[in-house]
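Visitor: I have a structure here, written as structure tokens, and I will follow up with some questions on it.
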Amino acid sequence: MTAVQGGPSGVRRVTIQDVAREAQVSVSAVSKVLRDAYGVSPEMRAKVTAAIEKLGYRPQAGARAMRGRSYTVGVMLVALSHPFQPEIVEGVTDELEPTPYQEILITGGLDRERQQRSVEALMDRGVDGLVVISPAMSTPWLERLGATLPTVVVARHGGAAGFDTVVDDDQGGARLMVDHLVALGHRRIVHTTHPMGALERPHVLAHTARLDGFVAAMRRHGLEPDVIETSFTEEGGHRAALEALSRREPPTAIFAGADIAALGVLRAAEERGLRVPEDLTVTGYDNVNASSIGRVSLTTVDQSGHLTGQTSARLLLERLDGRTRPVHYVVAPRLLPRGTSAAPAKVFD
């Protein structure tokens with residue numbers, strides 16, 4: 001607790017009045033510095049900042065909210081168990097580090113109604129803005145949210161009028177992977193995807209855009225798209241791989257729509273006694289930290305979760321500074337060939 005000597009117990013919380021006395025300025029001047037108000041001179045800011053650092057003053061969130069800002073940013077992610085989303089949060093945290101803002105995290109799960117309740121819980125706590133990752137809510141609901149509070153939506157395609165969006169070029173990333181696999185000689189390629197839910201194109205989440213990119217790329221190469229719908233979890237990838245490998249003509253390559261699902265594919269291949277990549281090529285998407293571990297060495301598509309988070313926070317700060325024009329930011333994907341992809345044992349015509 002921020003404290004100074006005094007009072008019956010010997011310590012008490014440092015107040016804005018203490019800062020004003022130390023800086024030899026008025027309380028209103030301290031308040032202006034804390035609010036980053038217009039018209040504060042550099043000299044005044046330096047005096048107040050020095051007093052704050054000397055006394056260790058920390059404005060209480062409730063008091064700041066009463067003055068118009070709480071200096072908190074709400075971040076809703078689907079689940080902490082999804083390895084790519086915490087990497088986005090790390091980017092948000094790093095971008096906010098030099099600012100007065102602090103992030104508050106909440107998980108919303110996959111259910112649309114639960115996600116809405118999670119966002120509303122953040123709003124009830126007086127956050128100044130929101131970063132919402134992979135939302136399943138309807139577009140009109142998100143537009144109303146953006147009209148109420150500065151908002152940046154991550155991994156939701158289609159753009160928006162009332163909020164900013166940050167997405168990967170998921171169709172382009174899927175095309176990079178299909179081109180890589182076809183160039184190696186693969187023809188029987190299975191893609192695992194996540195259920196689309198109630199969303200409709202063009203306002204879809206990343207996995208649906210990747211599916212669209214896969215289908216288009218396969219057809220461009222004169223190949224029939226082969227898709228298995230599963231969950232983007234390790235277990236979901238495992239189930240999909242067992243289904244694909246049980247066929248009379250199993251695939252020579254499985255392109256999982258997320259790295260976490262690719263790990264399940266690798267487990268299924270091991271259980272079947274298949275060597276990767278000699279007997280089966282396995283690839284993913286996201287480039288999560290675990291994919292680069294030597295024993296995994298997963299061929300994947302990098303969409304830079306850290307950059308996505310940094311960009312989301314930067315756009316939100318711009319919104320908080322008054323920008324109203326919506327921005328649609330697209331992260332360029334990058335193919336990372338590693339040890340799990342190679343030419344098939346037999347090249348099929």
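Quick note on naming: the chains in the structure tokens go A, B, ... in the order shown, residues restart at 1 in each chain, and ligands are numbered from 1 in order of appearance.
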Can you list, as a PyMOL selection string, every protein, DNA or RNA residue that comes within 10 Å of stretch 291-301 of chain A when you count only C-alpha atoms, leaving out same-chain residues fewer than 4 positions away?

Guide: chain A and resi 170+173-174+176-177+255-260+262-263+266+281-287+333-342

Visitor: Restricted to C-alpha atoms, what would the selected residues look like written as a PDB file, in the first residue's frame?

Guide:
```
ATOM      1  CA  ASP A 170      -5.763 -16.035 -43.008  1.00  0.00           C
ATOM      2  CA  GLY A 173      -1.657 -17.912 -45.003  1.00  0.00           C
ATOM      3  CA  ALA A 174      -3.641 -21.020 -45.907  1.00  0.00           C
ATOM      4  CA  LEU A 176       1.023 -20.400 -48.528  1.00  0.00           C
ATOM      5  CA  MET A 177       0.669 -23.721 -46.753  1.00  0.00           C
ATOM      6  CA  PHE A 255      -2.826 -29.303 -42.418  1.00  0.00           C
ATOM      7  CA  ALA A 256      -4.270 -28.490 -38.994  1.00  0.00           C
ATOM      8  CA  GLY A 257      -5.958 -25.095 -38.766  1.00  0.00           C
ATOM      9  CA  ALA A 258      -4.142 -24.296 -35.503  1.00  0.00           C
ATOM     10  CA  ASP A 259      -0.881 -25.435 -33.940  1.00  0.00           C
ATOM     11  CA  ILE A 260      -2.659 -26.772 -30.853  1.00  0.00           C
ATOM     12  CA  ALA A 262      -1.480 -30.098 -34.964  1.00  0.00           C
ATOM     13  CA  LEU A 263      -0.042 -31.355 -31.677  1.00  0.00           C
ATOM     14  CA  LEU A 266       1.296 -35.642 -34.065  1.00  0.00           C
ATOM     15  CA  THR A 281       3.446 -34.619 -43.148  1.00  0.00           C
ATOM     16  CA  VAL A 282       1.851 -32.554 -40.373  1.00  0.00           C
ATOM     17  CA  THR A 283       1.532 -28.766 -40.442  1.00  0.00           C
ATOM     18  CA  GLY A 284      -0.218 -26.122 -38.374  1.00  0.00           C
ATOM     19  CA  TYR A 285      -1.031 -22.445 -38.153  1.00  0.00           C
ATOM     20  CA  ASP A 286      -0.160 -19.727 -35.570  1.00  0.00           C
ATOM     21  CA  ASN A 287       3.513 -20.404 -34.748  1.00  0.00           C
ATOM     22  CA  PRO A 333       1.468 -14.243 -42.654  1.00  0.00           C
ATOM     23  CA  ARG A 334       4.794 -16.001 -43.121  1.00  0.00           C
ATOM     24  CA  LEU A 335       5.384 -19.672 -43.936  1.00  0.00           C
ATOM     25  CA  LEU A 336       7.868 -21.389 -41.592  1.00  0.00           C
ATOM     26  CA  PRO A 337       8.931 -24.770 -43.053  1.00  0.00           C
ATOM     27  CA  ARG A 338      10.380 -26.978 -40.309  1.00  0.00           C
ATOM     28  CA  GLY A 339      10.889 -30.648 -39.626  1.00  0.00           C
ATOM     29  CA  THR A 340       7.331 -32.015 -39.923  1.00  0.00           C
ATOM     30  CA  SER A 341       6.881 -31.514 -43.677  1.00  0.00           C
ATOM     31  CA  ALA A 342       8.566 -33.402 -46.501  1.00  0.00           C
TER      32      ALA A 342
END
```

Visitor: Any chance you could list, as a PDB file with N, CA and C atoms, in the first residue's frame, the residues in stretch 159-241 of chain A that come up strand (DSSP E) when DSSP is run on the backbone?

Guide:
```pdb
ATOM      1  N   ASP A 164     -12.334  -0.888 -34.349  1.00  0.00           N
ATOM      2  CA  ASP A 164     -11.171  -1.282 -35.137  1.00  0.00           C
ATOM      3  C   ASP A 164     -11.037  -2.802 -35.141  1.00  0.00           C
ATOM      4  N   THR A 165     -10.392  -3.332 -36.181  1.00  0.00           N
ATOM      5  CA  THR A 165     -10.165  -4.767 -36.262  1.00  0.00           C
ATOM      6  C   THR A 165      -8.706  -5.046 -36.598  1.00  0.00           C
ATOM      7  N   VAL A 166      -8.182  -6.128 -36.020  1.00  0.00           N
ATOM      8  CA  VAL A 166      -6.831  -6.602 -36.333  1.00  0.00           C
ATOM      9  C   VAL A 166      -6.949  -8.078 -36.688  1.00  0.00           C
ATOM     10  N   VAL A 167      -6.560  -8.426 -37.893  1.00  0.00           N
ATOM     11  CA  VAL A 167      -6.679  -9.810 -38.356  1.00  0.00           C
ATOM     12  C   VAL A 167      -5.405 -10.219 -39.080  1.00  0.00           C
ATOM     13  N   ASP A 168      -5.202 -11.509 -39.158  1.00  0.00           N
ATOM     14  CA  ASP A 168      -4.181 -12.066 -40.031  1.00  0.00           C
ATOM     15  C   ASP A 168      -4.800 -12.247 -41.411  1.00  0.00           C
ATOM     16  N   ILE A 189      -4.482 -34.099 -49.223  1.00  0.00           N
ATOM     17  CA  ILE A 189      -4.230 -33.183 -48.113  1.00  0.00           C
ATOM     18  C   ILE A 189      -5.539 -32.964 -47.360  1.00  0.00           C
ATOM     19  N   VAL A 190      -5.503 -33.209 -46.068  1.00  0.00           N
ATOM     20  CA  VAL A 190      -6.672 -32.970 -45.211  1.00  0.00           C
ATOM     21  C   VAL A 190      -6.444 -31.692 -44.415  1.00  0.00           C
ATOM     22  N   HIS A 191      -7.480 -30.875 -44.320  1.00  0.00           N
ATOM     23  CA  HIS A 191      -7.435 -29.666 -43.497  1.00  0.00           C
ATOM     24  C   HIS A 191      -8.427 -29.815 -42.349  1.00  0.00           C
ATOM     25  N   THR A 192      -7.981 -29.538 -41.123  1.00  0.00           N
ATOM     26  CA  THR A 192      -8.898 -29.564 -39.982  1.00  0.00           C
ATOM     27  C   THR A 192      -9.306 -28.131 -39.655  1.00  0.00           C
ATOM     28  N   THR A 193     -10.593 -27.949 -39.415  1.00  0.00           N
ATOM     29  CA  THR A 193     -11.113 -26.619 -39.121  1.00  0.00           C
ATOM     30  C   THR A 193     -12.024 -26.664 -37.908  1.00  0.00           C
ATOM     31  N   ASP A 226     -10.384 -31.446 -48.943  1.00  0.00           N
ATOM     32  CA  ASP A 226     -10.784 -32.480 -47.985  1.00  0.00           C
ATOM     33  C   ASP A 226     -10.720 -31.846 -46.592  1.00  0.00           C
ATOM     34  N   VAL A 227     -11.882 -31.689 -45.960  1.00  0.00           N
ATOM     35  CA  VAL A 227     -11.964 -30.934 -44.713  1.00  0.00           C
ATOM     36  C   VAL A 227     -12.632 -31.769 -43.632  1.00  0.00           C
ATOM     37  N   ILE A 228     -12.055 -31.760 -42.431  1.00  0.00           N
ATOM     38  CA  ILE A 228     -12.667 -32.387 -41.264  1.00  0.00           C
ATOM     39  C   ILE A 228     -12.905 -31.302 -40.223  1.00  0.00           C
ATOM     40  N   GLU A 229     -14.135 -31.170 -39.783  1.00  0.00           N
ATOM     41  CA  GLU A 229     -14.479 -30.177 -38.764  1.00  0.00           C
ATOM     42  C   GLU A 229     -14.262 -30.769 -37.378  1.00  0.00           C
TER      43      GLU A 229
END
```

Visitor: Pick out the closest residue to A:Gly185 from this set: A:Pro344, A:Gly273, A:Val131, A:Gly236. Count only C-alpha atoms.

Guide: A:Pro344

Visitor: I need the alpha helix (DSSP H) residues of stretch 10-251 of chain A per DSSP on the backbone, written as a PyMOL selection string.

Guide: chain A and resi 16-23+27-34+42-55+61-66+84-96+112-124+139-148+170-184+206-220+234-245

Visitor: Would you kindly return, as number ranges by chain, each protein, DNA or RNA residue with an atom no farther than 12 Å from any atom of A:Val75, considering only C-alpha atoms and excluding same-chain residues fewer than 4 positions away?

Guide: A: 79, 85-86, 88-93, 102-108, 115, 118-123, 127-135, 151-154, 309, 312-313, 316

Visitor: Name the closest residue to A:Tyr101 among the candidates A:Met76, A:Val331, A:Leu34, A:Ala343; distances are taken between atoms, counting only C-alpha atoms.

Guide: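 Comparing A:Met76, A:Val331, A:Leu34, A:Ala343 against A:Tyr101, the winner is A:Leu34.
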
Visitor: Which neighbours of A:Arg220 fall inside 12 Å, counting only C-alpha atoms, when residues of the same chain fewer than 3 positions from it are skipped, and could you give them as a list in words?

Guide: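 Everything that qualifies: Arg175, Val178, Asp179, Val182, Gly213, Phe214, Val215, Ala216, Ala217, Leu223, Glu224 and Pro225 of chain A.
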
Visitor: Can you write out the residues you just picked, keeping N, CA, C and O atoms, as an mmCIF file, in the first residue's frame?

Guide:
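Contents of the output file result_32.cif:
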```cif
data_model
loop_
_atom_site.group_PDB
_atom_site.id
_atom_site.type_symbol
_atom_site.label_atom_id
_atom_site.label_comp_id
_atom_site.auth_asym_id
_atom_site.auth_seq_id
_atom_site.Cartn_x
_atom_site.Cartn_y
_atom_site.Cartn_z
ATOM 1 N N ARG A 175 -3.165 -20.329 -48.169
ATOM 2 C CA ARG A 175 -2.651 -20.522 -49.534
ATOM 3 C C ARG A 175 -1.155 -20.830 -49.507
ATOM 4 O O ARG A 175 -0.681 -21.710 -50.235
ATOM 5 N N VAL A 178 -0.808 -24.527 -48.517
ATOM 6 C CA VAL A 178 -1.199 -25.455 -49.587
ATOM 7 C C VAL A 178 -0.150 -25.451 -50.691
ATOM 8 O O VAL A 178 0.253 -26.523 -51.191
ATOM 9 N N ASP A 179 0.331 -24.281 -51.075
ATOM 10 C CA ASP A 179 1.363 -24.209 -52.109
ATOM 11 C C ASP A 179 2.621 -24.973 -51.677
ATOM 12 O O ASP A 179 3.259 -25.662 -52.495
ATOM 13 N N VAL A 182 1.807 -28.812 -51.885
ATOM 14 C CA VAL A 182 1.699 -29.268 -53.274
ATOM 15 C C VAL A 182 3.078 -29.293 -53.933
ATOM 16 O O VAL A 182 3.413 -30.212 -54.695
ATOM 17 N N GLY A 213 -9.473 -20.097 -47.560
ATOM 18 C CA GLY A 213 -8.204 -20.039 -48.273
ATOM 19 C C GLY A 213 -7.730 -21.410 -48.699
ATOM 20 O O GLY A 213 -7.195 -21.584 -49.805
ATOM 21 N N PHE A 214 -7.924 -22.412 -47.836
ATOM 22 C CA PHE A 214 -7.542 -23.786 -48.170
ATOM 23 C C PHE A 214 -8.336 -24.303 -49.366
ATOM 24 O O PHE A 214 -7.761 -24.847 -50.322
ATOM 25 N N VAL A 215 -9.651 -24.118 -49.318
ATOM 26 C CA VAL A 215 -10.515 -24.612 -50.397
ATOM 27 C C VAL A 215 -10.128 -23.965 -51.719
ATOM 28 O O VAL A 215 -9.979 -24.636 -52.751
ATOM 29 N N ALA A 216 -9.944 -22.638 -51.703
ATOM 30 C CA ALA A 216 -9.604 -21.932 -52.942
ATOM 31 C C ALA A 216 -8.246 -22.377 -53.476
ATOM 32 O O ALA A 216 -8.078 -22.574 -54.697
ATOM 33 N N ALA A 217 -7.275 -22.555 -52.600
ATOM 34 C CA ALA A 217 -5.932 -22.952 -53.042
ATOM 35 C C ALA A 217 -5.931 -24.368 -53.606
ATOM 36 O O ALA A 217 -5.270 -24.650 -54.621
ATOM 37 N N LEU A 223 -7.084 -29.794 -57.199
ATOM 38 C CA LEU A 223 -7.263 -30.832 -56.192
ATOM 39 C C LEU A 223 -8.586 -30.657 -55.465
ATOM 40 O O LEU A 223 -9.096 -29.542 -55.331
ATOM 41 N N GLU A 224 -9.140 -31.767 -54.995
ATOM 42 C CA GLU A 224 -10.410 -31.720 -54.277
ATOM 43 C C GLU A 224 -10.154 -31.391 -52.807
ATOM 44 O O GLU A 224 -9.415 -32.099 -52.121
ATOM 45 N N PRO A 225 -10.749 -30.327 -52.281
ATOM 46 C CA PRO A 225 -10.572 -29.997 -50.867
ATOM 47 C C PRO A 225 -11.132 -31.087 -49.965
ATOM 48 O O PRO A 225 -12.222 -31.615 -50.205
#
```

Visitor: Need to verify the contact set: A:Arg201, 10 Å, only C-alpha atoms, exclusion of same-chain residues closer than 4 positions in sequence. Can you return it as an MDAnalysis selection string?

Guide: chainID A and resid 157:158 196 205 208:209

Visitor: Hey, what's within 10 Å of A:Leu242 if we count only C-alpha atoms and toss same-chain stuff fewer than 2 positions away? As a ChimeraX atom specification, please?

Guide: /A:237-240,244-247,250,264-265,267-269,271-272

Visitor: Would you mind exporting the chosen residues as a CSV table (one decimal), in the first residue's frame, restricted to C-alpha atoms?

Guide:
```csv
chain,number,residue,atom,x,y,z
A,237,GLY,CA,-6.7,-32.5,-33.7
A,238,HIS,CA,-6.2,-36.1,-32.4
A,239,ARG,CA,-9.8,-37.1,-33.2
A,240,ALA,CA,-9.6,-35.6,-36.7
A,244,ALA,CA,-8.4,-39.3,-41.6
A,245,LEU,CA,-5.8,-42.1,-41.0
A,246,SER,CA,-8.6,-44.7,-40.8
A,247,ARG,CA,-9.6,-44.2,-44.4
A,250,PRO,CA,-5.4,-41.9,-45.9
A,264,GLY,CA,-3.0,-33.7,-31.5
A,265,VAL,CA,-2.3,-34.9,-35.0
A,267,ARG,CA,0.1,-37.7,-31.1
A,268,ALA,CA,-2.3,-39.7,-33.4
A,269,ALA,CA,0.6,-40.4,-35.9
A,271,GLU,CA,0.0,-43.9,-31.8
A,272,ARG,CA,-0.4,-45.3,-35.3
```

Visitor: Between A:Ala241, A:His203, A:Arg117, A:Glu95, which is the closest to A:Pro140 once you count only C-alpha atoms?

Guide: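 Residue with the minimum atom-to-atom distance to A:Pro140: A:His203.
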
Visitor: For A:Thr15, which residue out of A:Val327, A:Ile254, A:Leu55, A:Met44 is the nearest one, using only C-alpha atoms?

Guide: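 Between A:Val327, A:Ile254, A:Leu55, A:Met44, the residue approaching A:Thr15 most closely is A:Leu55.
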
Visitor: Would you mind listing what lies within 12 Å of A:Ser138 as a tab-separated table (two decimals) with all heavy atoms, in the first residue's frame, with only C-alpha atoms counted and same-chain residues fewer than 3 positions away left out?

Guide:
```tsv
chain	number	residue	atom	x	y	z
A	111	ASP	N	-19.04	-19.70	-26.06
A	111	ASP	CA	-20.46	-19.41	-26.16
A	111	ASP	C	-20.70	-17.91	-26.31
A	111	ASP	O	-20.13	-17.10	-25.57
A	111	ASP	CB	-21.17	-19.93	-24.92
A	111	ASP	CG	-22.66	-19.65	-24.94
A	111	ASP	OD1	-23.37	-20.31	-25.71
A	111	ASP	OD2	-23.09	-18.74	-24.19
A	112	ARG	N	-21.53	-17.53	-27.26
A	112	ARG	CA	-21.79	-16.13	-27.54
A	112	ARG	C	-22.36	-15.39	-26.33
A	112	ARG	O	-21.92	-14.28	-25.99
A	112	ARG	CB	-22.76	-16.03	-28.72
A	112	ARG	CG	-23.48	-14.74	-28.88
A	112	ARG	CD	-24.50	-14.78	-29.99
A	112	ARG	NE	-23.97	-15.28	-31.25
A	112	ARG	CZ	-24.47	-14.96	-32.43
A	112	ARG	NH1	-25.48	-14.13	-32.53
A	112	ARG	NH2	-23.98	-15.47	-33.52
A	113	GLU	N	-23.34	-16.01	-25.65
A	113	GLU	CA	-23.95	-15.34	-24.51
A	113	GLU	C	-22.96	-15.15	-23.37
A	113	GLU	O	-22.94	-14.10	-22.72
A	113	GLU	CB	-25.17	-16.14	-24.01
A	113	GLU	CG	-26.39	-16.05	-24.91
A	113	GLU	CD	-26.23	-16.83	-26.21
A	113	GLU	OE1	-25.39	-17.78	-26.23
A	113	GLU	OE2	-26.92	-16.51	-27.19
A	115	GLN	N	-19.72	-14.84	-23.70
A	115	GLN	CA	-18.81	-13.78	-24.11
A	115	GLN	C	-19.43	-12.41	-23.87
A	115	GLN	O	-18.75	-11.48	-23.40
A	115	GLN	CB	-18.44	-13.96	-25.58
A	115	GLN	CG	-17.51	-15.13	-25.85
A	115	GLN	CD	-17.02	-15.17	-27.28
A	115	GLN	OE1	-17.37	-14.32	-28.10
A	115	GLN	NE2	-16.20	-16.16	-27.60
A	116	GLN	N	-20.71	-12.27	-24.19
A	116	GLN	CA	-21.37	-10.99	-23.96
A	116	GLN	C	-21.39	-10.64	-22.48
A	116	GLN	O	-21.13	-9.48	-22.11
A	116	GLN	CB	-22.81	-11.03	-24.51
A	116	GLN	CG	-22.88	-11.08	-26.01
A	116	GLN	CD	-24.29	-11.11	-26.56
A	116	GLN	OE1	-24.51	-11.30	-27.75
A	116	GLN	NE2	-25.27	-10.93	-25.70
A	134	SER	N	-11.33	-12.93	-30.80
A	134	SER	CA	-12.17	-14.01	-31.36
A	134	SER	C	-13.60	-13.99	-30.84
A	134	SER	O	-14.09	-14.99	-30.31
A	134	SER	CB	-11.53	-15.38	-31.06
A	134	SER	OG	-10.27	-15.49	-31.66
A	135	PRO	N	-14.30	-12.88	-31.00
A	135	PRO	CA	-15.67	-12.82	-30.48
A	135	PRO	C	-16.66	-13.55	-31.37
A	135	PRO	O	-16.60	-13.46	-32.60
A	135	PRO	CB	-15.97	-11.32	-30.45
A	135	PRO	CG	-15.15	-10.77	-31.58
A	135	PRO	CD	-13.88	-11.60	-31.60
A	141	TRP	N	-24.35	-6.48	-32.51
A	141	TRP	CA	-24.04	-6.34	-31.08
A	141	TRP	C	-22.67	-5.69	-30.90
A	141	TRP	O	-22.49	-4.80	-30.07
A	141	TRP	CB	-24.07	-7.70	-30.40
A	141	TRP	CG	-24.06	-7.63	-28.90
A	141	TRP	CD1	-25.16	-7.60	-28.08
A	141	TRP	CD2	-22.91	-7.56	-28.04
A	141	TRP	NE1	-24.75	-7.52	-26.76
A	141	TRP	CE2	-23.38	-7.49	-26.71
A	141	TRP	CE3	-21.54	-7.56	-28.27
A	141	TRP	CZ2	-22.52	-7.43	-25.61
A	141	TRP	CZ3	-20.68	-7.47	-27.18
A	141	TRP	CH2	-21.16	-7.41	-25.87
A	142	LEU	N	-21.69	-6.12	-31.71
A	142	LEU	CA	-20.36	-5.54	-31.62
A	142	LEU	C	-20.36	-4.08	-32.07
A	142	LEU	O	-19.64	-3.25	-31.50
A	142	LEU	CB	-19.38	-6.34	-32.47
A	142	LEU	CG	-18.97	-7.71	-31.91
A	142	LEU	CD1	-18.16	-8.48	-32.95
A	142	LEU	CD2	-18.17	-7.57	-30.62
A	143	GLU	N	-21.16	-3.75	-33.06
A	143	GLU	CA	-21.25	-2.35	-33.50
A	143	GLU	C	-21.83	-1.48	-32.38
A	143	GLU	O	-21.36	-0.36	-32.15
A	143	GLU	CB	-22.10	-2.23	-34.77
A	143	GLU	CG	-21.46	-2.80	-36.02
A	143	GLU	CD	-20.34	-1.91	-36.57
A	143	GLU	OE1	-20.01	-0.88	-35.95
A	143	GLU	OE2	-19.79	-2.26	-37.63
A	144	ARG	N	-22.83	-1.98	-31.68
A	144	ARG	CA	-23.39	-1.22	-30.54
A	144	ARG	C	-22.35	-1.06	-29.45
A	144	ARG	O	-22.25	-0.01	-28.80
A	144	ARG	CB	-24.64	-1.90	-30.00
A	144	ARG	CG	-25.84	-1.84	-30.94
A	144	ARG	CD	-27.12	-2.24	-30.23
A	144	ARG	NE	-27.10	-3.64	-29.81
A	144	ARG	CZ	-27.50	-4.65	-30.57
A	144	ARG	NH1	-27.95	-4.42	-31.81
A	144	ARG	NH2	-27.48	-5.89	-30.11
A	145	LEU	N	-21.56	-2.12	-29.23
A	145	LEU	CA	-20.50	-2.05	-28.23
A	145	LEU	C	-19.49	-0.96	-28.62
A	145	LEU	O	-19.09	-0.13	-27.78
A	145	LEU	CB	-19.79	-3.40	-28.13
A	145	LEU	CG	-18.54	-3.46	-27.24
A	145	LEU	CD1	-18.92	-3.21	-25.79
A	145	LEU	CD2	-17.84	-4.81	-27.39
A	156	ARG	N	-11.40	-11.19	-36.17
A	156	ARG	CA	-12.76	-11.18	-36.73
A	156	ARG	C	-12.71	-10.42	-38.06
A	156	ARG	O	-12.44	-9.23	-38.09
A	156	ARG	CB	-13.70	-10.50	-35.74
A	156	ARG	CG	-15.12	-10.26	-36.22
A	156	ARG	CD	-15.99	-11.49	-36.15
A	156	ARG	NE	-17.38	-11.13	-36.38
A	156	ARG	CZ	-18.34	-11.22	-35.47
A	156	ARG	NH1	-18.06	-11.67	-34.26
A	156	ARG	NH2	-19.57	-10.87	-35.74
A	160	ALA	N	-15.49	-3.15	-39.91
A	160	ALA	CA	-16.55	-2.62	-39.06
A	160	ALA	C	-16.65	-1.12	-39.25
A	160	ALA	O	-15.74	-0.48	-39.78
A	160	ALA	CB	-16.28	-2.95	-37.60
A	197	GLY	N	-20.07	-21.88	-36.42
A	197	GLY	CA	-21.07	-21.32	-35.51
A	197	GLY	C	-22.13	-20.54	-36.26
A	197	GLY	O	-22.43	-20.81	-37.41
A	198	ALA	N	-22.66	-19.51	-35.59
A	198	ALA	CA	-23.76	-18.74	-36.17
A	198	ALA	C	-23.29	-17.58	-37.04
A	198	ALA	O	-24.11	-16.83	-37.58
A	198	ALA	CB	-24.66	-18.20	-35.05
A	199	LEU	N	-21.99	-17.40	-37.17
A	199	LEU	CA	-21.47	-16.27	-37.95
A	199	LEU	C	-21.68	-16.50	-39.44
A	199	LEU	O	-21.77	-17.62	-39.91
A	199	LEU	CB	-19.99	-16.07	-37.65
A	199	LEU	CG	-19.64	-15.75	-36.19
A	199	LEU	CD1	-18.13	-15.60	-36.04
A	199	LEU	CD2	-20.35	-14.48	-35.73
A	200	GLU	N	-21.74	-15.39	-40.17
A	200	GLU	CA	-21.92	-15.46	-41.61
A	200	GLU	C	-20.87	-14.60	-42.30
A	200	GLU	O	-20.47	-13.56	-41.80
A	200	GLU	CB	-23.33	-14.96	-42.00
A	200	GLU	CG	-24.46	-15.82	-41.45
A	200	GLU	CD	-25.82	-15.31	-41.87
A	200	GLU	OE1	-25.87	-14.25	-42.57
A	200	GLU	OE2	-26.83	-15.94	-41.53
A	201	ARG	N	-20.40	-15.09	-43.45
A	201	ARG	CA	-19.42	-14.33	-44.21
A	201	ARG	C	-20.01	-12.98	-44.61
A	201	ARG	O	-21.19	-12.91	-44.90
A	201	ARG	CB	-18.99	-15.14	-45.44
A	201	ARG	CG	-18.24	-16.42	-45.10
A	201	ARG	CD	-17.97	-17.25	-46.34
A	201	ARG	NE	-17.18	-18.44	-46.06
A	201	ARG	CZ	-17.68	-19.59	-45.60
A	201	ARG	NH1	-18.98	-19.70	-45.39
A	201	ARG	NH2	-16.89	-20.63	-45.38
A	203	HIS	N	-18.26	-11.63	-42.07
A	203	HIS	CA	-17.89	-11.39	-40.66
A	203	HIS	C	-17.67	-12.73	-39.95
A	203	HIS	O	-18.51	-13.20	-39.18
A	203	HIS	CB	-18.99	-10.57	-39.96
A	203	HIS	CG	-19.23	-9.25	-40.62
A	203	HIS	ND1	-18.36	-8.19	-40.53
A	203	HIS	CD2	-20.25	-8.81	-41.41
A	203	HIS	CE1	-18.83	-7.17	-41.21
A	203	HIS	NE2	-19.96	-7.52	-41.75
A	204	VAL	N	-16.49	-13.31	-40.21
A	204	VAL	CA	-16.17	-14.63	-39.69
A	204	VAL	C	-14.86	-14.58	-38.92
A	204	VAL	O	-14.06	-13.64	-39.06
A	204	VAL	CB	-16.08	-15.67	-40.81
A	204	VAL	CG1	-17.43	-15.85	-41.50
A	204	VAL	CG2	-15.00	-15.29	-41.82
A	205	LEU	N	-14.64	-15.59	-38.10
A	205	LEU	CA	-13.40	-15.68	-37.34
A	205	LEU	C	-12.30	-16.30	-38.19
A	205	LEU	O	-12.52	-16.78	-39.30
A	205	LEU	CB	-13.64	-16.50	-36.07
A	205	LEU	CG	-14.60	-15.86	-35.07
A	205	LEU	CD1	-14.82	-16.78	-33.87
A	205	LEU	CD2	-14.09	-14.50	-34.60
```
